[in-house]
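Right, one structure below, let's go through it.
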Amino acid sequence: MSSLPSQAEARLAPRAAPRAFQRALQPWMRAIVGVGGVLVFLVVWQIVGSQDLIRSDLISYPTEVLRSLYAMVASGELWANLSVTLQEFVLGFFPAIVLGVALGLAFALSRRLLYLFDPLFAALYTAPMIAFVPVLVVWFGVGLVSKAVMVFLSAFIPIVINTRTGVEEVPEAPIRALKAFGASRWQIIAKGLLPGALPAIMAGLRLAVGRSIVSLVAAEMYVSVRGIGRLVQVYSTSDRAAEIFVLVLVISSLGFLGVVLIRRIEAYVAPWSAAR
Amino acid sequence: MSQLALDRLHLAYENQATGASFLALSEVSFKVERGEFVTIVGPSGCGKSTLLMLIAALLKPTSGALSLNDRPISQPGSDRALVFQDFALLPWRTVLANVELGLELKGVPKDKRREAARRYVQMVGLRAFENSFPHQLSGGMRQRVGIARALSVEPEVLLMDEPFGALDAQIRQVMASELLRIWERDRKTILFVTHDIDEAVYLADRIIVMSASPGRIVKEIKVDFPRPRELAIRNTPEFTLYRKQIWDLLEEQIRNSGSWEQGDVEPAVAS
Amino acid sequence: MSKIHIDDETLRPAPRRSNDRVEEIGLGVLGVVLLVGGWEYAAYAGWLNPVIVSSPSAIAQAFARQWQSGDLMKDLGISLAEFAIGFSLSLVVGLALGVAMGMSRWVEYAADPFIWFLYASPLIAFYPLIIVWLGFGSTTVIALTFLLTFVTIAVNTMAGVRSVDPQLIRAVRAFGGSRLDVVAKVVLPASVPLVLAGVRIGLGRALIGVILGEMFSSNGGLGYHISFYGAHLKTADLFVPLTTVVVIGVVMTRICAVFERRFLAWRN
Ligand SMILES: Nc1ncnc2c1ncn2[C@@H]1O[C@H](COP(=O)(O)OP(=O)(O)OP(=O)(O)O)[C@@H](O)[C@H]1O
Ligand SMILES: [Mg+2]
């Protein structure tokens, strides 16, 4: 799904009016209960893990995870692998944006072209991309290229599909205005269809970031020389739970940062859509 | 020589999915002189918007001919400017950028068109909102952006589709007299669609009354009040006569069409 | 690219027309034929290395081989069983959790950080831990499938329960309806669209979970053989389970679409 459902505050049924002190706390409740829950989780984990109540080599514990993070950063091991992963990501993702938007636009404008490719794209859109990892490795080798192609494919398809629906759903009124003031076909595209589709395109990018990071890590885990996924593989064969937690955090942060970054860009290039 | 001439226009909407067709305008002919202010009234759904879109060349007539200065109308162009009933602003542009649109498409250089747009934004009283996006404005403010956008290209013919429809009664009267003031300065030709009978009489040199769907022209009424006009003419006995005449014509149209009894169309004269 | 087509009537990209059906199917088939034919010809003409890239005819032979030996059916059975178990678990847990979060503020506040973490992070990174905990085999595959799927269903269910228009609830209460009436007549029907959307997305994620789990930590199933044939450079054999997975994805999405259309007729 492209974005998380909004936190609508529509309550189910009328509740009894909260008492005064409760009402004063209300805005903080979400934070208090949320942070409290996480803290309880961390403390229990710490005690169970550090006291070895369950085998700590399998579950580790928070302070050990932090120590491993520090060690992996200090030794340069993390960055050496992360930089490769980022490189593969960039090499696949940017071409996917350019070609994806162009093809999505073409699909929206030419019904024939759409019909020609629709079954293929629909199949690829619903298929789990990671299933293509082995064949890409066979075709493009164990190095950087097969990973970049994986990122490209995983990002390209949602971008094409979102661009296409975005262009198709640009409302008619502004397009009519452009035409009434004498816009040419290219002007209708440049000043009407593309800006109108921008929010949908950005939503496609968000979707694409998540999908392509998953594919990328899976591809690195399958076979690679360097990269975050490679590290996951290395530490899992030696049953190092703490290091694996570190990597889980790193990968999650990557996805999270990607989405935040795209939202930032979106607020900048499509400020009108943020409020809707 | 008339500036704008419509000759036996018919327009049928085709539904592409079902192949059905719906006759919206039938046998519409009239002429408009240069500098004339013509208002158009008619029951809701009778084809007023359709008529303006034909003149703007956003639609092609099924049969019949339109000409401007004796040349057939075939393309949209900046010699005509349309104020849309549904505003039709570009949601991704600010107020100022929306007003610039027409000039931009005419190829006017950036700083010149910006300056012109500022002037018209000021004229419609939206100076403080020039950097707002349409979704941040009220309906009435959006409509004024649409009016500024149309005025900015300085068209020969201004086509206005219920331009004051989203305004409340008082602002509406003020805007109407403001429009007259602008018009009296340079006497552009204006075709003005409205639901408001008083507004139609107050503004017009001539009123065109249309029938219920499919739209035909029922009557053309010349309005003889001298110009410039004061708002106070609305209280004169002559004005009341005009009002009554149009009211009766429209009421007859609505009754004949039967749509009021079927309950699927609002009476057009309610406002 | 063909000429840009902006429809003159609507001034927008050409809309689909009802009588297009034939053209749509015809061109769709043509697209597939062109791909398969072009690939076959390129392999035949020697432009591509047949061992590495393989060719449609080689894949067809591999398909016949795996079909006759029963390998394909066995893989399909394993994968579908893991899928069914993992998805059913997710459905039960996801729906229950989603309704609880939608109806109770406390549950939502407490579960929120965990849910969003699971929702936003690429969960596949957890797979080594799951292997460490549960060992190789079907249990791990099912656990991974569950982990990937239940969050999606829970989040959508919560959003669905929340999306109910409070005005409708007020209307039912105004006519003397009980709390139960509110749930039965308003909350449940109104949340169906989002719940179904969650189920549709969940099906896709469950398929990813099964394939992923099998690729890395099992010794049977479609995912396992995709990985196995890849490691042994048997490209033609690899494409048999791969194509099967793609087909499963398409069929599932189609079935879902039919269901959603049935249930959502009122939304036009
Ligand atoms: N794109 C379209 N396809 C089919 N029928 C249409 C279309 N646009 C308008 N119509 C029909 O044509 C008739 C005239 O429409 P039009 O919008 O011109 O009416 P109008 O006089 O402007 O109405 P109103 O006063 O409510 O604005 C209506 O009956 C409408 O249903
Ligand atoms: Mg209209």
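Labels used: A, B, ... for chains in the order of the structure tokens, numbers from 1 for residues in each chain, and numbers from 1 for ligands as shown.
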
task: Could you report the residues within 7 Å of ligand 2, using only C-alpha atoms and all ligand atoms, as a list in words?
output: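 Within the 7 Å cut-off, the matching residues are Gly45, Gly47, Lys48, Ser49, Gln85 and Asp161 of chain B.
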
Write out as JSON lines a residue-level contact list of chain B versus ligand 1 with cut-off 10 Å: for each qualifying residue the closest pair of atoms and the distance in Å to one decimal, counting only C-alpha atoms and all ligand atoms, rows sorted by chain and residue number upward.
```
{"residue": "B:Leu11", "atom": "CA", "partner": "ligand 1", "partner_atom_place_in_ligand_line": "12 (O)", "distance": 9.0}
{"residue": "B:Ala12", "atom": "CA", "partner": "ligand 1", "partner_atom_place_in_ligand_line": "5 (N)", "distance": 8.0}
{"residue": "B:Tyr13", "atom": "CA", "partner": "ligand 1", "partner_atom_place_in_ligand_line": "4 (C)", "distance": 4.8}
{"residue": "B:Glu14", "atom": "CA", "partner": "ligand 1", "partner_atom_place_in_ligand_line": "4 (C)", "distance": 6.5}
{"residue": "B:Asn15", "atom": "CA", "partner": "ligand 1", "partner_atom_place_in_ligand_line": "4 (C)", "distance": 6.4}
{"residue": "B:Gln16", "atom": "CA", "partner": "ligand 1", "partner_atom_place_in_ligand_line": "3 (N)", "distance": 9.3}
{"residue": "B:Ala20", "atom": "CA", "partner": "ligand 1", "partner_atom_place_in_ligand_line": "4 (C)", "distance": 9.3}
{"residue": "B:Ser21", "atom": "CA", "partner": "ligand 1", "partner_atom_place_in_ligand_line": "4 (C)", "distance": 7.7}
{"residue": "B:Phe22", "atom": "CA", "partner": "ligand 1", "partner_atom_place_in_ligand_line": "5 (N)", "distance": 6.2}
{"residue": "B:Leu23", "atom": "CA", "partner": "ligand 1", "partner_atom_place_in_ligand_line": "12 (O)", "distance": 7.3}
{"residue": "B:Ala24", "atom": "CA", "partner": "ligand 1", "partner_atom_place_in_ligand_line": "12 (O)", "distance": 4.7}
{"residue": "B:Leu25", "atom": "CA", "partner": "ligand 1", "partner_atom_place_in_ligand_line": "14 (C)", "distance": 7.6}
{"residue": "B:Ile40", "atom": "CA", "partner": "ligand 1", "partner_atom_place_in_ligand_line": "21 (O)", "distance": 9.6}
{"residue": "B:Val41", "atom": "CA", "partner": "ligand 1", "partner_atom_place_in_ligand_line": "21 (O)", "distance": 8.4}
{"residue": "B:Gly42", "atom": "CA", "partner": "ligand 1", "partner_atom_place_in_ligand_line": "21 (O)", "distance": 6.6}
{"residue": "B:Pro43", "atom": "CA", "partner": "ligand 1", "partner_atom_place_in_ligand_line": "25 (O)", "distance": 6.2}
{"residue": "B:Ser44", "atom": "CA", "partner": "ligand 1", "partner_atom_place_in_ligand_line": "25 (O)", "distance": 3.6}
{"residue": "B:Gly45", "atom": "CA", "partner": "ligand 1", "partner_atom_place_in_ligand_line": "23 (O)", "distance": 3.4}
{"residue": "B:Cys46", "atom": "CA", "partner": "ligand 1", "partner_atom_place_in_ligand_line": "21 (O)", "distance": 4.0}
{"residue": "B:Gly47", "atom": "CA", "partner": "ligand 1", "partner_atom_place_in_ligand_line": "18 (O)", "distance": 3.1}
{"residue": "B:Lys48", "atom": "CA", "partner": "ligand 1", "partner_atom_place_in_ligand_line": "21 (O)", "distance": 3.7}
{"residue": "B:Ser49", "atom": "CA", "partner": "ligand 1", "partner_atom_place_in_ligand_line": "22 (O)", "distance": 3.6}
{"residue": "B:Thr50", "atom": "CA", "partner": "ligand 1", "partner_atom_place_in_ligand_line": "18 (O)", "distance": 3.6}
{"residue": "B:Leu51", "atom": "CA", "partner": "ligand 1", "partner_atom_place_in_ligand_line": "18 (O)", "distance": 6.5}
{"residue": "B:Leu52", "atom": "CA", "partner": "ligand 1", "partner_atom_place_in_ligand_line": "18 (O)", "distance": 8.1}
{"residue": "B:Met53", "atom": "CA", "partner": "ligand 1", "partner_atom_place_in_ligand_line": "18 (O)", "distance": 8.3}
{"residue": "B:Leu54", "atom": "CA", "partner": "ligand 1", "partner_atom_place_in_ligand_line": "18 (O)", "distance": 9.8}
{"residue": "B:Leu59", "atom": "CA", "partner": "ligand 1", "partner_atom_place_in_ligand_line": "1 (N)", "distance": 9.8}
{"residue": "B:Gln85", "atom": "CA", "partner": "ligand 1", "partner_atom_place_in_ligand_line": "27 (O)", "distance": 7.1}
{"residue": "B:Asp86", "atom": "CA", "partner": "ligand 1", "partner_atom_place_in_ligand_line": "27 (O)", "distance": 9.2}
{"residue": "B:Asp161", "atom": "CA", "partner": "ligand 1", "partner_atom_place_in_ligand_line": "22 (O)", "distance": 7.7}
{"residue": "B:Glu162", "atom": "CA", "partner": "ligand 1", "partner_atom_place_in_ligand_line": "27 (O)", "distance": 7.7}
{"residue": "B:Gly165", "atom": "CA", "partner": "ligand 1", "partner_atom_place_in_ligand_line": "27 (O)", "distance": 9.8}
{"residue": "B:Val193", "atom": "CA", "partner": "ligand 1", "partner_atom_place_in_ligand_line": "22 (O)", "distance": 8.3}
{"residue": "B:Thr194", "atom": "CA", "partner": "ligand 1", "partner_atom_place_in_ligand_line": "25 (O)", "distance": 7.8}
{"residue": "B:His195", "atom": "CA", "partner": "ligand 1", "partner_atom_place_in_ligand_line": "25 (O)", "distance": 7.0}
{"residue": "B:Met210", "atom": "CA", "partner": "ligand 1", "partner_atom_place_in_ligand_line": "21 (O)", "distance": 8.8}
{"residue": "B:Ser211", "atom": "CA", "partner": "ligand 1", "partner_atom_place_in_ligand_line": "21 (O)", "distance": 9.6}
{"residue": "B:Ala212", "atom": "CA", "partner": "ligand 1", "partner_atom_place_in_ligand_line": "21 (O)", "distance": 8.5}
{"residue": "B:Ser213", "atom": "CA", "partner": "ligand 1", "partner_atom_place_in_ligand_line": "29 (O)", "distance": 6.1}
{"residue": "B:Pro214", "atom": "CA", "partner": "ligand 1", "partner_atom_place_in_ligand_line": "13 (C)", "distance": 7.2}
{"residue": "B:Gly215", "atom": "CA", "partner": "ligand 1", "partner_atom_place_in_ligand_line": "14 (C)", "distance": 7.7}
{"residue": "B:Val265", "atom": "CA", "partner": "ligand 1", "partner_atom_place_in_ligand_line": "26 (O)", "distance": 8.6}
{"residue": "B:Glu266", "atom": "CA", "partner": "ligand 1", "partner_atom_place_in_ligand_line": "26 (O)", "distance": 8.6}
{"residue": "B:Pro267", "atom": "CA", "partner": "ligand 1", "partner_atom_place_in_ligand_line": "25 (O)", "distance": 9.8}
{"residue": "B:Ala268", "atom": "CA", "partner": "ligand 1", "partner_atom_place_in_ligand_line": "25 (O)", "distance": 6.9}
{"residue": "B:Val269", "atom": "CA", "partner": "ligand 1", "partner_atom_place_in_ligand_line": "25 (O)", "distance": 9.9}
```

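All residues within region 1-62 of chain B that the backbone DSSP calculation assigns to helix (DSSP H, G or I) are Lys48, Ser49, Thr50, Leu51, Leu52, Met53, Leu54 and Ile55 of chain B.
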
Selection to disk with C-alpha atoms, as a PDB file, in the first residue's frame:
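Listed below is the output, result32.pdb:
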```pdb
ATOM      1  CA  LYS B  48     -26.213  27.747 -21.229  1.00  0.00           C
ATOM      2  CA  SER B  49     -22.798  26.405 -20.284  1.00  0.00           C
ATOM      3  CA  THR B  50     -22.813  24.313 -23.420  1.00  0.00           C
ATOM      4  CA  LEU B  51     -23.462  27.427 -25.491  1.00  0.00           C
ATOM      5  CA  LEU B  52     -20.504  29.281 -23.991  1.00  0.00           C
ATOM      6  CA  MET B  53     -18.255  26.274 -24.473  1.00  0.00           C
ATOM      7  CA  LEU B  54     -19.227  26.206 -28.135  1.00  0.00           C
ATOM      8  CA  ILE B  55     -18.223  29.854 -28.509  1.00  0.00           C
TER       9      ILE B  55
END
```

Counting only C-alpha atoms, the option among B:Arg149, B:Lys110, B:Arg71, B:Arg144 closest to Ala180 (chain A): B:Arg149

task: Select residues of chain C: the criterion is any atom within 6 Å of an atom of chain A, counting only C-alpha atoms; output as an NGL selection string.
output: :C and (4-5 or 13 or 24 or 27-28 or 31 or 109-110 or 121-122 or 125 or 128 or 162 or 208 or 227 or 230 or 246 or 249-250)

May I have the residues from that selection written out with all heavy atoms, as a short mmCIF file (atom, residue, chain, number, x, y, z; two decimals), in the first residue's frame?
```cif
data_model
loop_
_atom_site.label_atom_id
_atom_site.label_comp_id
_atom_site.auth_asym_id
_atom_site.auth_seq_id
_atom_site.Cartn_x
_atom_site.Cartn_y
_atom_site.Cartn_z
N ILE C 4 0.73 10.97 -29.45
CA ILE C 4 0.04 11.26 -28.19
C ILE C 4 -1.43 11.42 -28.50
O ILE C 4 -1.81 12.17 -29.40
CB ILE C 4 0.42 12.63 -27.58
CG1 ILE C 4 1.63 13.23 -28.21
CG2 ILE C 4 0.41 12.58 -26.10
CD1 ILE C 4 1.70 14.70 -27.93
N HIS C 5 -2.23 10.79 -27.71
CA HIS C 5 -3.65 10.92 -27.97
C HIS C 5 -4.35 11.59 -26.81
O HIS C 5 -4.46 11.05 -25.73
CB HIS C 5 -4.27 9.55 -28.20
CG HIS C 5 -5.69 9.65 -28.62
ND1 HIS C 5 -6.06 9.84 -29.93
CD2 HIS C 5 -6.82 9.69 -27.90
CE1 HIS C 5 -7.37 9.96 -30.00
NE2 HIS C 5 -7.86 9.87 -28.78
N PRO C 13 -6.56 12.25 -21.48
CA PRO C 13 -6.15 11.00 -22.11
C PRO C 13 -7.38 10.22 -22.54
O PRO C 13 -8.41 10.27 -21.87
CB PRO C 13 -5.41 10.27 -20.99
CG PRO C 13 -4.97 11.33 -20.06
CD PRO C 13 -5.94 12.46 -20.18
N GLU C 24 -8.54 -4.61 -26.79
CA GLU C 24 -7.75 -4.78 -25.58
C GLU C 24 -7.19 -6.19 -25.48
O GLU C 24 -6.00 -6.40 -25.27
CB GLU C 24 -8.62 -4.46 -24.35
CG GLU C 24 -7.87 -4.65 -23.06
CD GLU C 24 -8.67 -4.21 -21.84
OE1 GLU C 24 -9.81 -3.73 -22.01
OE2 GLU C 24 -8.15 -4.35 -20.73
N LEU C 27 -4.66 -6.93 -28.43
CA LEU C 27 -3.34 -6.32 -28.26
C LEU C 27 -2.60 -6.95 -27.09
O LEU C 27 -1.38 -7.14 -27.14
CB LEU C 27 -3.47 -4.82 -28.05
CG LEU C 27 -3.73 -4.01 -29.31
CD1 LEU C 27 -4.02 -2.56 -28.97
CD2 LEU C 27 -2.55 -4.09 -30.26
N GLY C 28 -3.34 -7.31 -26.03
CA GLY C 28 -2.71 -7.95 -24.88
C GLY C 28 -2.06 -9.27 -25.28
O GLY C 28 -0.91 -9.54 -24.94
N GLY C 31 0.99 -8.64 -27.32
CA GLY C 31 2.13 -8.26 -26.50
C GLY C 31 2.86 -9.48 -25.96
O GLY C 31 4.09 -9.57 -26.04
N TYR C 109 -3.10 2.80 21.34
CA TYR C 109 -1.93 3.54 21.79
C TYR C 109 -0.77 2.60 22.11
O TYR C 109 0.38 2.89 21.80
CB TYR C 109 -2.27 4.37 23.04
CG TYR C 109 -3.16 5.56 22.77
CD1 TYR C 109 -3.64 6.33 23.81
CD2 TYR C 109 -3.50 5.91 21.47
CE1 TYR C 109 -4.45 7.43 23.57
CE2 TYR C 109 -4.32 6.99 21.23
CZ TYR C 109 -4.80 7.76 22.28
OH TYR C 109 -5.60 8.83 22.04
N ALA C 110 -1.10 1.49 22.78
CA ALA C 110 -0.04 0.58 23.20
C ALA C 110 0.58 -0.16 22.02
O ALA C 110 1.78 -0.37 21.94
CB ALA C 110 -0.58 -0.41 24.22
N SER C 121 9.10 -1.57 8.37
CA SER C 121 10.44 -2.10 8.15
C SER C 121 10.41 -3.30 7.21
O SER C 121 9.45 -4.05 7.18
CB SER C 121 11.06 -2.50 9.49
OG SER C 121 10.31 -3.57 10.03
N PRO C 122 11.48 -3.46 6.45
CA PRO C 122 11.58 -4.62 5.57
C PRO C 122 11.79 -5.86 6.43
O PRO C 122 12.89 -6.13 6.88
CB PRO C 122 12.81 -4.33 4.72
CG PRO C 122 13.16 -2.90 4.97
CD PRO C 122 12.64 -2.55 6.31
N ALA C 125 14.54 -8.94 6.89
CA ALA C 125 15.79 -8.97 7.64
C ALA C 125 15.66 -9.81 8.91
O ALA C 125 16.65 -10.25 9.47
CB ALA C 125 16.21 -7.55 7.99
N PRO C 128 16.77 -14.35 9.38
CA PRO C 128 17.82 -15.14 10.02
C PRO C 128 17.48 -15.45 11.48
O PRO C 128 17.73 -16.55 11.96
CB PRO C 128 19.06 -14.24 9.94
CG PRO C 128 18.76 -13.26 8.88
CD PRO C 128 17.29 -13.06 8.88
N ARG C 162 -12.27 2.68 11.81
CA ARG C 162 -12.22 4.11 12.09
C ARG C 162 -12.93 4.96 11.04
O ARG C 162 -13.33 6.08 11.31
CB ARG C 162 -10.77 4.57 12.09
CG ARG C 162 -10.02 4.16 13.25
CD ARG C 162 -10.57 4.88 14.47
NE ARG C 162 -9.68 4.62 15.56
CZ ARG C 162 -8.42 5.04 15.57
NH1 ARG C 162 -7.95 5.76 14.57
NH2 ARG C 162 -7.66 4.75 16.55
N ILE C 208 4.78 -13.26 -0.98
CA ILE C 208 6.19 -12.89 -0.82
C ILE C 208 6.81 -13.67 0.33
O ILE C 208 7.90 -14.23 0.22
CB ILE C 208 6.33 -11.36 -0.54
CG1 ILE C 208 5.86 -10.56 -1.74
CG2 ILE C 208 7.77 -11.01 -0.18
CD1 ILE C 208 5.93 -9.06 -1.55
N SER C 227 15.29 -20.99 -6.11
CA SER C 227 16.63 -20.75 -5.58
C SER C 227 17.60 -21.87 -6.01
O SER C 227 18.72 -21.60 -6.45
CB SER C 227 16.52 -20.65 -4.06
OG SER C 227 17.76 -20.79 -3.46
N GLY C 230 18.49 -21.82 -9.69
CA GLY C 230 19.33 -20.65 -9.91
C GLY C 230 20.77 -20.95 -9.53
O GLY C 230 21.71 -20.68 -10.28
N VAL C 246 4.23 -16.36 -10.58
CA VAL C 246 3.61 -15.19 -11.21
C VAL C 246 2.14 -15.46 -11.49
O VAL C 246 1.27 -14.63 -11.22
CB VAL C 246 4.36 -14.81 -12.51
CG1 VAL C 246 3.62 -13.72 -13.26
CG2 VAL C 246 5.79 -14.38 -12.19
N GLY C 249 0.05 -15.27 -8.40
CA GLY C 249 -0.18 -13.87 -8.04
C GLY C 249 -1.31 -13.27 -8.85
O GLY C 249 -2.21 -12.62 -8.31
N VAL C 250 -1.28 -13.49 -10.16
CA VAL C 250 -2.31 -12.91 -11.03
C VAL C 250 -3.68 -13.48 -10.68
O VAL C 250 -4.66 -12.74 -10.52
CB VAL C 250 -1.98 -13.18 -12.52
CG1 VAL C 250 -3.13 -12.77 -13.40
CG2 VAL C 250 -0.71 -12.45 -12.90
#
```

- prompt: Which distance in Å separates CA of Trp47 (chain C) and CA of Ala231 (chain C), to one decimal?
  reply: 23.7 Å
